[in-house]
Amino acid sequence: MKLQIPRLFSDAMVLQRNLPIQVWGRAGAGQQVRVRLANLEVTGVADGQGRWQVELPALAEGKGLRLQLSTETDERFFEDVCMGDVWLCSGQSNMQWTLDKSRGGEQEILAADYPEIRLFHVPQYALPEGEAEDVGTGWWRCSPESAGGFSGVGFFFGKRLQQEVGVPMGLISSSVGGTPIETWISRSALEGNEAFAGLLEDAGCGYGKGIADEDDYHKREVARHEDARRAVQEIRTPEYASVDYDDEGWELSSQIYSSYGVVWARKWVEFPADWEGREVKIRFDVVQHFDRVYWDGVCLGSRPFAEEATPHVPEYVISGDRMGPGSHLLAIRIVVNGRHGGVMAPRSLEFSAPFPGGERRICYQDQWKSCEECLLEPTATPLTWLSGNLYNGMIAPLIPFGLRGCIWYQGEANGDQAELYRKLFILLIEDWRERWGVAFPFYFVQLANYGAPSLEMEPRGWSEFRVAQASVLKLPQTGMVSAIDVGEAVDVHPKDKRSVGERLAAVALHGTYGREDLVSHGPRFERASFESSQVIITFSGVGGGLCVRRGEELLGFLVAGEEGRFLPAVARIEGEQVCLQHPDVPRPTSACYAWAKNPVCTLSNQEGFPAEPFLTHK
């Protein structure tokens, strides 16, 4: 049997400095394997299945080294080996998001001649049974040819670290878009807790819903897309848009929502007399996925079908001859080609029209009447969503390659499971550390802002989820960065990967590389003092001082009394504290900041790190 070495070992690799170096592979049963690096040499013997593993003593430094492996019958060489720091970059789509699609990526790619940054990409591979032994295509020196297809967050993280620390940086990208955290945890770790039994039952069904293999899955996906295309083009119930239709039996709700289906919503609206005869622009909040809008039964426009069902902000124009007196019927039909969709904040509906003194706007905040026209066949569950599968295919084959630490950007797929995630996130960190046998640093990104901007307090959802993420900071060697200021209302994938990557680098420089002088996060809630009519919030992480971002008004703080109704607070900065008051809350008992999926919030420190969300009670 020929000597087999995992592709983690290749020319241009980075090996973790100051840690014993693990090297492994396969050879003929009983064969002796000799491994040499610099002035080090060790030997091992392949077991009955041909597996072998050796450990070289730690090296503090080294560049341009050669790793030599040999048996009696075979020999392999790897050149330009560096001793440096190796970081695993993992998570879902925002970690997977490549540099060439990131803001400023084109200029970064042109200048990406960084020979002391080395890149290793793990291809998507979900494995229901067993653990993969080999992944990837080898290491690449960071260059204009290799950087564009690598993780944007990982690139900016590694670039700053290499410039600041001055040692070779090895970056391993292992991430898959749209994936929940449980698929990245080993199944044996999940089996140790009854709370996760349901996740394991799902994992035992393969693709789910009778899916036998990947080909079958893709056939069903093609069929589902075709159903959605027909639903966009063929309207079963056009009378739903008519002013004469009786919608008495429709549900009255503030939600326009469906899952793999077609949903309608209707609303009667009125305007002041001087709006008559004017051209009016109508603007909805973010819509997922394909909408068709009617005004008094006449179609104003629609979004055509596309394979990629992305969110968007629809805008349509009502001509002046359709703006007569009295009430008007607005109807919207939405085809949801995904796990969920509709109008993300349907109470945000805006009409605007030009007037001699300037544009006027009317925002409707009341409810809609809605019903489902039909359901579509739901997607099959892909292997990448099921518990343990990506751990088996994309994490296990990296073990026990030496790491300096891990950066993690994931959570959107679990965004409505705050309490479950709180447990799973701790489990993932402990599981990985146990598997590697090293309690390496683990730094992560708190979910970015997304959806309709809001000044209101949203009691559930991503606000609670962000706190669940922050709860793992109680584990040693962990750190968090906030992305609450870099998100985009209509895209769950912020293009600003530079800020996120460099903030992660700041956390690593502070926590791993001893830069205690470096501010590594934004203002973080420390305590609240309820004093008569005001609440005084004390922060850590104030750096050079609290400030209002970009000179804007200090927004995002809310206070509530015993009745629990949160109102926007009048906030002012006093040193390392913020004082909150509201005239209608004489005795506040609760306060919060940035407590919404996409909060309007402006507090930061002088170093530019945003304040993190919090909720506190007396």
# chains A, B, ... in the order shown; residues from 1 in each chain; ligands from 1
>>> residues_around(residues="A:Trp268", least_positions_apart="6", cutoff="7 Å", atoms="only C-alpha atoms", output="PyMOL selection string")
chain A and resi 327-330
>>> write_last_selection(atoms="N, CA and C atoms", output="compact mmCIF listing (two decimals), in the first residue's frame")
# COMPACT_ATOMS: atom_id res chain seq x y z
N SER A 327 -62.18 55.62 -0.14
CA SER A 327 -61.27 54.54 0.23
C SER A 327 -60.77 53.78 -0.99
N HIS A 328 -59.59 53.22 -0.86
CA HIS A 328 -58.98 52.45 -1.94
C HIS A 328 -58.51 51.11 -1.38
N LEU A 329 -58.58 50.09 -2.23
CA LEU A 329 -58.16 48.76 -1.82
C LEU A 329 -56.74 48.49 -2.29
N LEU A 330 -55.85 48.15 -1.36
CA LEU A 330 -54.51 47.69 -1.66
C LEU A 330 -54.46 46.19 -1.39
>>> residues_around(residues="stretch 95-108 of chain A", least_positions_apart="2", cutoff="10 Å", atoms="only C-alpha atoms", output="PyMOL selection string")
chain A and resi 89-93+110-113+144+147-156+173-177+407-410+445+493-498+500-501
>>> residues_around(residues="A:Leu580", least_positions_apart="6", cutoff="12 Å", atoms="only C-alpha atoms", output="short mmCIF file (atom, residue, chain, number, x, y, z; two decimals) with N, CA, C and O atoms, in the first residue's frame")
data_model
loop_
_atom_site.label_atom_id
_atom_site.label_comp_id
_atom_site.auth_asym_id
_atom_site.auth_seq_id
_atom_site.Cartn_x
_atom_site.Cartn_y
_atom_site.Cartn_z
N ALA A 528 -27.14 48.33 35.94
CA ALA A 528 -28.15 49.39 35.85
C ALA A 528 -28.52 49.83 37.25
O ALA A 528 -28.66 49.01 38.16
N SER A 529 -28.72 51.11 37.38
CA SER A 529 -29.16 51.69 38.65
C SER A 529 -30.47 52.43 38.39
O SER A 529 -30.52 53.34 37.56
N PHE A 530 -31.53 52.02 39.08
CA PHE A 530 -32.84 52.65 38.93
C PHE A 530 -33.01 53.68 40.04
O PHE A 530 -33.16 53.33 41.22
N GLU A 531 -32.94 54.93 39.66
CA GLU A 531 -32.98 56.02 40.63
C GLU A 531 -34.13 56.95 40.32
O GLU A 531 -34.07 57.73 39.36
N SER A 532 -35.19 56.83 41.10
CA SER A 532 -36.37 57.68 40.94
C SER A 532 -36.88 57.59 39.51
O SER A 532 -37.30 56.53 39.06
N SER A 533 -36.81 58.67 38.75
CA SER A 533 -37.39 58.71 37.41
C SER A 533 -36.40 58.37 36.31
O SER A 533 -36.75 58.45 35.13
N GLN A 534 -35.18 58.00 36.67
CA GLN A 534 -34.21 57.72 35.62
C GLN A 534 -33.51 56.38 35.86
O GLN A 534 -33.52 55.83 36.96
N VAL A 535 -32.92 55.88 34.78
CA VAL A 535 -32.11 54.66 34.82
C VAL A 535 -30.70 55.04 34.40
O VAL A 535 -30.51 55.71 33.38
N ILE A 536 -29.72 54.62 35.18
CA ILE A 536 -28.33 54.91 34.87
C ILE A 536 -27.65 53.61 34.47
O ILE A 536 -27.58 52.66 35.26
N ILE A 537 -27.17 53.55 33.23
CA ILE A 537 -26.52 52.35 32.68
C ILE A 537 -25.01 52.56 32.69
O ILE A 537 -24.51 53.54 32.14
N THR A 538 -24.32 51.62 33.31
CA THR A 538 -22.85 51.65 33.32
C THR A 538 -22.33 50.58 32.37
O THR A 538 -22.81 49.45 32.36
N LEU A 554 -28.66 60.33 19.91
CA LEU A 554 -28.50 59.11 20.70
C LEU A 554 -29.83 58.38 20.76
O LEU A 554 -30.74 58.76 21.50
N LEU A 555 -29.94 57.29 19.97
CA LEU A 555 -31.19 56.54 19.85
C LEU A 555 -30.96 55.08 20.19
O LEU A 555 -29.84 54.59 20.19
N GLY A 556 -32.05 54.37 20.42
CA GLY A 556 -31.99 52.93 20.63
C GLY A 556 -32.30 52.49 22.05
O GLY A 556 -32.51 51.31 22.29
N PHE A 557 -32.32 53.43 23.01
CA PHE A 557 -32.64 53.10 24.40
C PHE A 557 -34.15 53.23 24.64
O PHE A 557 -34.79 54.16 24.13
N LEU A 558 -34.70 52.28 25.39
CA LEU A 558 -36.11 52.32 25.77
C LEU A 558 -36.23 52.03 27.27
O LEU A 558 -35.41 51.31 27.84
N VAL A 559 -37.27 52.60 27.88
CA VAL A 559 -37.55 52.33 29.29
C VAL A 559 -39.01 51.96 29.43
O VAL A 559 -39.86 52.31 28.60
N ALA A 560 -39.30 51.22 30.51
CA ALA A 560 -40.67 50.79 30.78
C ALA A 560 -40.90 50.82 32.29
O ALA A 560 -39.97 50.65 33.09
N LEU A 567 -40.97 52.58 26.01
CA LEU A 567 -41.04 53.82 25.25
C LEU A 567 -39.63 54.33 24.99
O LEU A 567 -38.72 54.14 25.81
N PRO A 568 -39.42 54.99 23.84
CA PRO A 568 -38.08 55.53 23.54
C PRO A 568 -37.62 56.50 24.61
O PRO A 568 -38.34 57.45 24.95
N ALA A 569 -36.44 56.25 25.15
CA ALA A 569 -35.94 57.07 26.25
C ALA A 569 -35.20 58.30 25.73
O ALA A 569 -34.58 58.28 24.66
N VAL A 570 -35.27 59.35 26.52
CA VAL A 570 -34.37 60.48 26.32
C VAL A 570 -33.05 60.10 26.97
O VAL A 570 -32.99 59.86 28.19
N ALA A 571 -32.01 59.97 26.19
CA ALA A 571 -30.74 59.45 26.67
C ALA A 571 -29.65 60.50 26.57
O ALA A 571 -29.60 61.28 25.61
N ARG A 572 -28.78 60.50 27.57
CA ARG A 572 -27.63 61.40 27.53
C ARG A 572 -26.41 60.67 28.10
O ARG A 572 -26.53 59.83 29.00
N ILE A 573 -25.25 60.99 27.56
CA ILE A 573 -24.00 60.37 27.98
C ILE A 573 -23.40 61.19 29.11
O ILE A 573 -23.28 62.41 29.02
N GLU A 574 -23.02 60.48 30.18
CA GLU A 574 -22.31 61.11 31.29
C GLU A 574 -21.13 60.22 31.66
O GLU A 574 -21.28 59.23 32.38
N PRO A 586 -42.59 57.62 34.97
CA PRO A 586 -42.04 58.28 36.15
C PRO A 586 -41.23 57.36 37.05
O PRO A 586 -40.33 57.82 37.76
N ARG A 587 -41.53 56.05 37.04
CA ARG A 587 -40.79 55.09 37.88
C ARG A 587 -40.40 53.89 37.01
O ARG A 587 -41.07 52.84 37.03
N PRO A 588 -39.34 54.02 36.26
CA PRO A 588 -38.94 52.94 35.36
C PRO A 588 -38.48 51.71 36.13
O PRO A 588 -37.84 51.80 37.18
N THR A 589 -38.84 50.55 35.59
CA THR A 589 -38.42 49.27 36.18
C THR A 589 -37.65 48.40 35.20
O THR A 589 -37.13 47.35 35.58
N SER A 590 -37.60 48.80 33.92
CA SER A 590 -36.88 48.03 32.90
C SER A 590 -36.26 48.99 31.90
O SER A 590 -36.77 50.10 31.69
N ALA A 591 -35.19 48.55 31.28
CA ALA A 591 -34.55 49.33 30.22
C ALA A 591 -33.92 48.37 29.22
O ALA A 591 -33.54 47.24 29.57
N CYS A 592 -33.82 48.81 27.99
CA CYS A 592 -33.17 47.98 26.97
C CYS A 592 -32.51 48.88 25.94
O CYS A 592 -32.78 50.09 25.86
N TYR A 593 -31.65 48.26 25.16
CA TYR A 593 -30.96 48.96 24.08
C TYR A 593 -30.83 48.02 22.89
O TYR A 593 -30.50 46.84 23.04
#
>>> select_by_dssp(residues="stretch 498-576 of chain A", states="helix (DSSP H, G or I)", output="VMD selection string")
chain A and resid 498 to 511 549 to 551
>>> write_last_selection(atoms="C-alpha atoms", output="PDB file, in the first residue's frame")
ATOM      1  CA  ARG A 498     -13.802  44.100   6.593  1.00  0.00           C
ATOM      2  CA  SER A 499     -15.324  45.491   9.814  1.00  0.00           C
ATOM      3  CA  VAL A 500     -16.285  42.028  11.034  1.00  0.00           C
ATOM      4  CA  GLY A 501     -12.926  40.435  10.211  1.00  0.00           C
ATOM      5  CA  GLU A 502     -10.900  43.268  11.722  1.00  0.00           C
ATOM      6  CA  ARG A 503     -13.041  43.300  14.874  1.00  0.00           C
ATOM      7  CA  LEU A 504     -12.418  39.579  15.286  1.00  0.00           C
ATOM      8  CA  ALA A 505      -8.728  40.285  14.819  1.00  0.00           C
ATOM      9  CA  ALA A 506      -8.884  42.938  17.567  1.00  0.00           C
ATOM     10  CA  VAL A 507     -10.442  40.380  19.942  1.00  0.00           C
ATOM     11  CA  ALA A 508      -7.696  37.894  19.068  1.00  0.00           C
ATOM     12  CA  LEU A 509      -4.940  40.482  19.470  1.00  0.00           C
ATOM     13  CA  HIS A 510      -6.272  41.348  22.911  1.00  0.00           C
ATOM     14  CA  GLY A 511      -7.183  37.886  24.146  1.00  0.00           C
ATOM     15  CA  ARG A 549     -21.908  57.292  16.135  1.00  0.00           C
ATOM     16  CA  ARG A 550     -21.454  59.655  13.186  1.00  0.00           C
ATOM     17  CA  GLY A 551     -22.706  62.577  15.229  1.00  0.00           C
TER      18      GLY A 551
END
>>> atom_distance(atom1="atom CA of A:Ala132", atom2="atom CA of A:Gly170")
21.4 Å
>>> closest_residue(among="A:Leu427, A:Ala452, A:Leu40, A:Leu518", to="A:Ala596", atoms="only C-alpha atoms")
A:Ala452
>>> closest_residue(among="A:Arg76, A:Arg333, A:Lys63, A:Arg17", to="A:Val35", atoms="only C-alpha atoms")
A:Arg76
>>> closest_residue(among="A:Gly541, A:Pro115, A:Pro6, A:Pro325", to="A:Ala273", atoms="only C-alpha atoms")
A:Pro325
>>> atom_distance(atom1="atom CA of A:Gln417", atom2="atom CA of A:Ala228")
27.8 Å
>>> atom_distance(atom1="atom CA of A:Val23", atom2="atom CA of A:Arg141")
21.1 Å
>>> residues_around(residues="A:Val42", least_positions_apart="5", cutoff="10 Å", atoms="only C-alpha atoms", output="PyMOL selection string")
chain A and resi 33-37+54-57+69
>>> residues_around(residues="A:Leu19", least_positions_apart="5", cutoff="9 Å", atoms="only C-alpha atoms", output="MDAnalysis selection string")
chainID A and resid 57:60 402:403
>>> write_last_selection(atoms="N, CA, C and O atoms", output="mmCIF file, in the first residue's frame")
data_model
loop_
_atom_site.group_PDB
_atom_site.id
_atom_site.type_symbol
_atom_site.label_atom_id
_atom_site.label_comp_id
_atom_site.auth_asym_id
_atom_site.auth_seq_id
_atom_site.Cartn_x
_atom_site.Cartn_y
_atom_site.Cartn_z
ATOM 1 N N PRO A 57 8.109 17.124 18.150
ATOM 2 C CA PRO A 57 8.203 18.163 19.180
ATOM 3 C C PRO A 57 7.841 19.540 18.615
ATOM 4 O O PRO A 57 7.948 19.787 17.405
ATOM 5 N N ALA A 58 7.429 20.416 19.497
ATOM 6 C CA ALA A 58 7.029 21.762 19.079
ATOM 7 C C ALA A 58 8.219 22.543 18.527
ATOM 8 O O ALA A 58 9.362 22.379 18.983
ATOM 9 N N LEU A 59 7.948 23.385 17.547
ATOM 10 C CA LEU A 59 8.922 24.331 17.012
ATOM 11 C C LEU A 59 8.385 25.741 17.206
ATOM 12 O O LEU A 59 7.195 26.006 16.972
ATOM 13 N N ALA A 60 9.245 26.648 17.608
ATOM 14 C CA ALA A 60 8.813 28.021 17.850
ATOM 15 C C ALA A 60 8.725 28.824 16.558
ATOM 16 O O ALA A 60 7.894 29.721 16.429
ATOM 17 N N GLY A 402 -2.882 21.013 14.315
ATOM 18 C CA GLY A 402 -2.715 22.030 15.348
ATOM 19 C C GLY A 402 -3.369 23.354 14.993
ATOM 20 O O GLY A 402 -3.193 23.873 13.883
ATOM 21 N N LEU A 403 -4.124 23.922 15.929
ATOM 22 C CA LEU A 403 -4.798 25.210 15.745
ATOM 23 C C LEU A 403 -4.348 26.203 16.806
ATOM 24 O O LEU A 403 -4.092 25.832 17.958
#
>>> closest_residue(among="A:Gly388, A:Gly28, A:Gly50, A:Gly451", to="A:Phe284", atoms="only C-alpha atoms")
A:Gly451
>>> select_by_dssp(residues="stretch 517-565 of chain A", states="strand (DSSP E or B)", output="PyMOL selection string")
chain A and resi 524-531+534-540+546-548+557-560
>>> closest_residue(among="A:Asp85, A:Glu75, A:Glu526, A:Glu182", to="A:Leu428", atoms="only C-alpha atoms")
A:Glu182
>>> closest_residue(among="A:Ser540, A:Ser186, A:Ser454, A:Asn193", to="A:Ser604", atoms="only C-alpha atoms")
A:Ser540
>>> residues_around(residues="A:Asn389", least_positions_apart="2", cutoff="12 Å", atoms="only C-alpha atoms", output="PyMOL selection string")
chain A and resi 124-132+176+179-188+199-200+202-207+382-387+391-396
>>> write_last_selection(atoms="N, CA and C atoms", output="short mmCIF file (atom, residue, chain, number, x, y, z; two decimals), in the first residue's frame")
data_model
loop_
_atom_site.label_atom_id
_atom_site.label_comp_id
_atom_site.auth_asym_id
_atom_site.auth_seq_id
_atom_site.Cartn_x
_atom_site.Cartn_y
_atom_site.Cartn_z
N GLN A 124 -17.66 21.79 0.62
CA GLN A 124 -18.87 21.30 1.29
C GLN A 124 -18.97 19.79 1.19
N TYR A 125 -19.15 19.16 2.34
CA TYR A 125 -19.25 17.70 2.36
C TYR A 125 -20.02 17.28 3.61
N ALA A 126 -21.27 16.85 3.43
CA ALA A 126 -22.10 16.37 4.52
C ALA A 126 -22.07 14.85 4.52
N LEU A 127 -21.74 14.27 5.67
CA LEU A 127 -21.55 12.82 5.76
C LEU A 127 -22.42 12.26 6.88
N PRO A 128 -23.48 11.51 6.54
CA PRO A 128 -24.40 10.99 7.58
C PRO A 128 -23.78 9.94 8.48
N GLU A 129 -22.89 9.13 7.95
CA GLU A 129 -22.32 8.03 8.73
C GLU A 129 -20.80 8.07 8.66
N GLY A 130 -20.15 7.81 9.79
CA GLY A 130 -18.70 7.78 9.81
C GLY A 130 -18.11 9.18 9.78
N GLU A 131 -16.79 9.25 9.67
CA GLU A 131 -16.08 10.52 9.61
C GLU A 131 -15.13 10.51 8.44
N ALA A 132 -15.13 11.62 7.69
CA ALA A 132 -14.22 11.74 6.55
C ALA A 132 -12.77 11.75 7.04
N VAL A 176 -20.58 26.46 5.56
CA VAL A 176 -21.61 26.18 4.56
C VAL A 176 -22.81 27.07 4.86
N THR A 179 -26.77 26.77 7.27
CA THR A 179 -26.70 25.58 8.11
C THR A 179 -26.90 25.90 9.58
N PRO A 180 -27.64 25.06 10.31
CA PRO A 180 -27.82 25.24 11.75
C PRO A 180 -26.62 24.72 12.52
N ILE A 181 -26.51 25.15 13.76
CA ILE A 181 -25.33 24.80 14.55
C ILE A 181 -25.22 23.31 14.81
N GLU A 182 -26.37 22.61 14.91
CA GLU A 182 -26.31 21.20 15.28
C GLU A 182 -25.62 20.32 14.25
N THR A 183 -25.57 20.77 13.00
CA THR A 183 -24.88 19.95 11.99
C THR A 183 -23.37 20.01 12.15
N TRP A 184 -22.87 21.00 12.93
CA TRP A 184 -21.43 21.16 13.14
C TRP A 184 -20.95 20.49 14.42
N ILE A 185 -21.86 19.88 15.18
CA ILE A 185 -21.51 19.23 16.44
C ILE A 185 -21.47 17.72 16.23
N SER A 186 -20.52 17.05 16.85
CA SER A 186 -20.44 15.60 16.68
C SER A 186 -21.69 14.94 17.26
N ARG A 187 -22.14 13.90 16.58
CA ARG A 187 -23.36 13.24 17.02
C ARG A 187 -23.19 12.61 18.39
N SER A 188 -22.00 12.15 18.72
CA SER A 188 -21.77 11.55 20.03
C SER A 188 -21.93 12.58 21.14
N LEU A 199 -33.25 16.46 17.72
CA LEU A 199 -32.28 16.77 16.67
C LEU A 199 -31.68 15.49 16.12
N LEU A 200 -31.44 14.53 16.99
CA LEU A 200 -30.86 13.27 16.54
C LEU A 200 -31.85 12.43 15.76
N ASP A 202 -34.13 13.66 13.78
CA ASP A 202 -34.12 14.25 12.45
C ASP A 202 -32.91 13.78 11.66
N ALA A 203 -31.76 13.70 12.35
CA ALA A 203 -30.53 13.30 11.67
C ALA A 203 -30.60 11.87 11.18
N GLY A 204 -31.39 11.03 11.85
CA GLY A 204 -31.47 9.63 11.47
C GLY A 204 -32.28 9.37 10.22
N CYS A 205 -32.92 10.40 9.66
CA CYS A 205 -33.80 10.16 8.51
C CYS A 205 -33.14 10.52 7.19
N GLY A 206 -31.81 10.62 7.16
CA GLY A 206 -31.16 10.99 5.91
C GLY A 206 -31.60 12.36 5.49
N TYR A 207 -32.03 12.51 4.25
CA TYR A 207 -32.52 13.79 3.80
C TYR A 207 -33.89 14.12 4.39
N PRO A 382 -31.95 19.00 3.35
CA PRO A 382 -30.64 18.60 2.82
C PRO A 382 -29.75 18.02 3.91
N LEU A 383 -28.81 17.23 3.50
CA LEU A 383 -27.89 16.62 4.45
C LEU A 383 -27.13 17.66 5.26
N THR A 384 -26.90 18.83 4.67
CA THR A 384 -26.12 19.85 5.37
C THR A 384 -26.86 20.42 6.58
N TRP A 385 -28.17 20.18 6.72
CA TRP A 385 -28.91 20.70 7.86
C TRP A 385 -28.98 19.72 9.02
N LEU A 386 -28.62 18.49 8.81
CA LEU A 386 -28.90 17.46 9.79
C LEU A 386 -27.76 17.27 10.78
N SER A 387 -28.14 16.93 12.01
CA SER A 387 -27.20 16.91 13.14
C SER A 387 -25.98 16.05 12.85
N TYR A 391 -20.07 18.14 10.79
CA TYR A 391 -18.95 17.77 11.66
C TYR A 391 -18.23 16.56 11.06
N ASN A 392 -18.99 15.54 10.65
CA ASN A 392 -18.38 14.33 10.09
C ASN A 392 -17.57 14.63 8.84
N GLY A 393 -18.12 15.51 7.98
CA GLY A 393 -17.50 15.71 6.67
C GLY A 393 -16.49 16.84 6.61
N MET A 394 -16.59 17.85 7.52
CA MET A 394 -15.79 19.06 7.34
C MET A 394 -15.00 19.49 8.58
N ILE A 395 -15.27 18.88 9.73
CA ILE A 395 -14.51 19.20 10.93
C ILE A 395 -13.65 18.01 11.37
N ALA A 396 -14.25 16.84 11.45
CA ALA A 396 -13.50 15.65 11.89
C ALA A 396 -12.21 15.42 11.11
#
>>> residues_around(residues="A:Trp295", least_positions_apart="3", cutoff="10 Å", atoms="only C-alpha atoms", output="list in words")
Ala241, Ser242, Val243, Trp268, Val298, Cys299, Leu300, Gly301, Val317, Ile318, Arg322, Met323, His328, Leu329, Leu330, Ala331 and Ile332 of chain A
>>> decode(residues="stretch 248-255 of chain A", atoms="all heavy atoms", output="PDB file, in the first residue's frame")
ATOM      1  N   GLU A 248     -64.681  38.722   4.439  1.00  0.00           N
ATOM      2  CA  GLU A 248     -65.143  38.637   5.819  1.00  0.00           C
ATOM      3  C   GLU A 248     -64.496  37.480   6.577  1.00  0.00           C
ATOM      4  O   GLU A 248     -64.186  37.582   7.770  1.00  0.00           O
ATOM      5  CB  GLU A 248     -66.669  38.468   5.842  1.00  0.00           C
ATOM      6  CG  GLU A 248     -67.273  38.435   7.242  1.00  0.00           C
ATOM      7  CD  GLU A 248     -67.093  39.736   7.992  1.00  0.00           C
ATOM      8  OE1 GLU A 248     -66.994  40.802   7.342  1.00  0.00           O
ATOM      9  OE2 GLU A 248     -67.041  39.691   9.235  1.00  0.00           O
ATOM     10  N   GLY A 249     -64.247  36.367   5.909  1.00  0.00           N
ATOM     11  CA  GLY A 249     -63.691  35.201   6.581  1.00  0.00           C
ATOM     12  C   GLY A 249     -62.173  35.191   6.682  1.00  0.00           C
ATOM     13  O   GLY A 249     -61.593  34.246   7.221  1.00  0.00           O
ATOM     14  N   TRP A 250     -61.516  36.223   6.187  1.00  0.00           N
ATOM     15  CA  TRP A 250     -60.055  36.265   6.228  1.00  0.00           C
ATOM     16  C   TRP A 250     -59.559  36.598   7.639  1.00  0.00           C
ATOM     17  O   TRP A 250     -60.259  37.236   8.425  1.00  0.00           O
ATOM     18  CB  TRP A 250     -59.526  37.321   5.250  1.00  0.00           C
ATOM     19  CG  TRP A 250     -59.620  36.899   3.813  1.00  0.00           C
ATOM     20  CD1 TRP A 250     -60.543  36.065   3.275  1.00  0.00           C
ATOM     21  CD2 TRP A 250     -58.783  37.328   2.751  1.00  0.00           C
ATOM     22  NE1 TRP A 250     -60.331  35.929   1.932  1.00  0.00           N
ATOM     23  CE2 TRP A 250     -59.244  36.706   1.576  1.00  0.00           C
ATOM     24  CE3 TRP A 250     -57.695  38.172   2.654  1.00  0.00           C
ATOM     25  CZ2 TRP A 250     -58.651  36.899   0.340  1.00  0.00           C
ATOM     26  CZ3 TRP A 250     -57.096  38.374   1.423  1.00  0.00           C
ATOM     27  CH2 TRP A 250     -57.569  37.738   0.277  1.00  0.00           C
ATOM     28  N   GLU A 251     -58.367  36.186   7.913  1.00  0.00           N
ATOM     29  CA  GLU A 251     -57.768  36.428   9.236  1.00  0.00           C
ATOM     30  C   GLU A 251     -57.264  37.862   9.332  1.00  0.00           C
ATOM     31  O   GLU A 251     -56.629  38.383   8.401  1.00  0.00           O
ATOM     32  CB  GLU A 251     -56.615  35.456   9.458  1.00  0.00           C
ATOM     33  CG  GLU A 251     -55.898  35.643  10.787  1.00  0.00           C
ATOM     34  CD  GLU A 251     -54.722  34.703  10.951  1.00  0.00           C
ATOM     35  OE1 GLU A 251     -54.497  33.870  10.041  1.00  0.00           O
ATOM     36  OE2 GLU A 251     -54.026  34.801  11.980  1.00  0.00           O
ATOM     37  N   LEU A 252     -57.551  38.510  10.454  1.00  0.00           N
ATOM     38  CA  LEU A 252     -57.042  39.853  10.714  1.00  0.00           C
ATOM     39  C   LEU A 252     -55.729  39.721  11.482  1.00  0.00           C
ATOM     40  O   LEU A 252     -55.690  39.135  12.559  1.00  0.00           O
ATOM     41  CB  LEU A 252     -58.051  40.657  11.529  1.00  0.00           C
ATOM     42  CG  LEU A 252     -57.707  42.133  11.768  1.00  0.00           C
ATOM     43  CD1 LEU A 252     -57.666  42.898  10.446  1.00  0.00           C
ATOM     44  CD2 LEU A 252     -58.717  42.765  12.723  1.00  0.00           C
ATOM     45  N   SER A 253     -54.646  40.242  10.916  1.00  0.00           N
ATOM     46  CA  SER A 253     -53.345  40.006  11.519  1.00  0.00           C
ATOM     47  C   SER A 253     -52.367  41.090  11.113  1.00  0.00           C
ATOM     48  O   SER A 253     -52.536  41.755  10.085  1.00  0.00           O
ATOM     49  CB  SER A 253     -52.806  38.632  11.083  1.00  0.00           C
ATOM     50  OG  SER A 253     -51.489  38.446  11.525  1.00  0.00           O
ATOM     51  N   SER A 254     -51.341  41.264  11.938  1.00  0.00           N
ATOM     52  CA  SER A 254     -50.246  42.160  11.581  1.00  0.00           C
ATOM     53  C   SER A 254     -49.170  41.414  10.792  1.00  0.00           C
ATOM     54  O   SER A 254     -48.172  42.000  10.408  1.00  0.00           O
ATOM     55  CB  SER A 254     -49.620  42.770  12.838  1.00  0.00           C
ATOM     56  OG  SER A 254     -49.104  41.753  13.675  1.00  0.00           O
ATOM     57  N   GLN A 255     -49.365  40.113  10.564  1.00  0.00           N
ATOM     58  CA  GLN A 255     -48.381  39.294   9.860  1.00  0.00           C
ATOM     59  C   GLN A 255     -48.888  38.922   8.467  1.00  0.00           C
ATOM     60  O   GLN A 255     -50.045  38.554   8.304  1.00  0.00           O
ATOM     61  CB  GLN A 255     -48.098  38.007  10.639  1.00  0.00           C
ATOM     62  CG  GLN A 255     -47.562  38.238  12.037  1.00  0.00           C
ATOM     63  CD  GLN A 255     -46.186  38.874  12.020  1.00  0.00           C
ATOM     64  OE1 GLN A 255     -45.318  38.492  11.228  1.00  0.00           O
ATOM     65  NE2 GLN A 255     -45.975  39.838  12.894  1.00  0.00           N
TER      66      GLN A 255
END
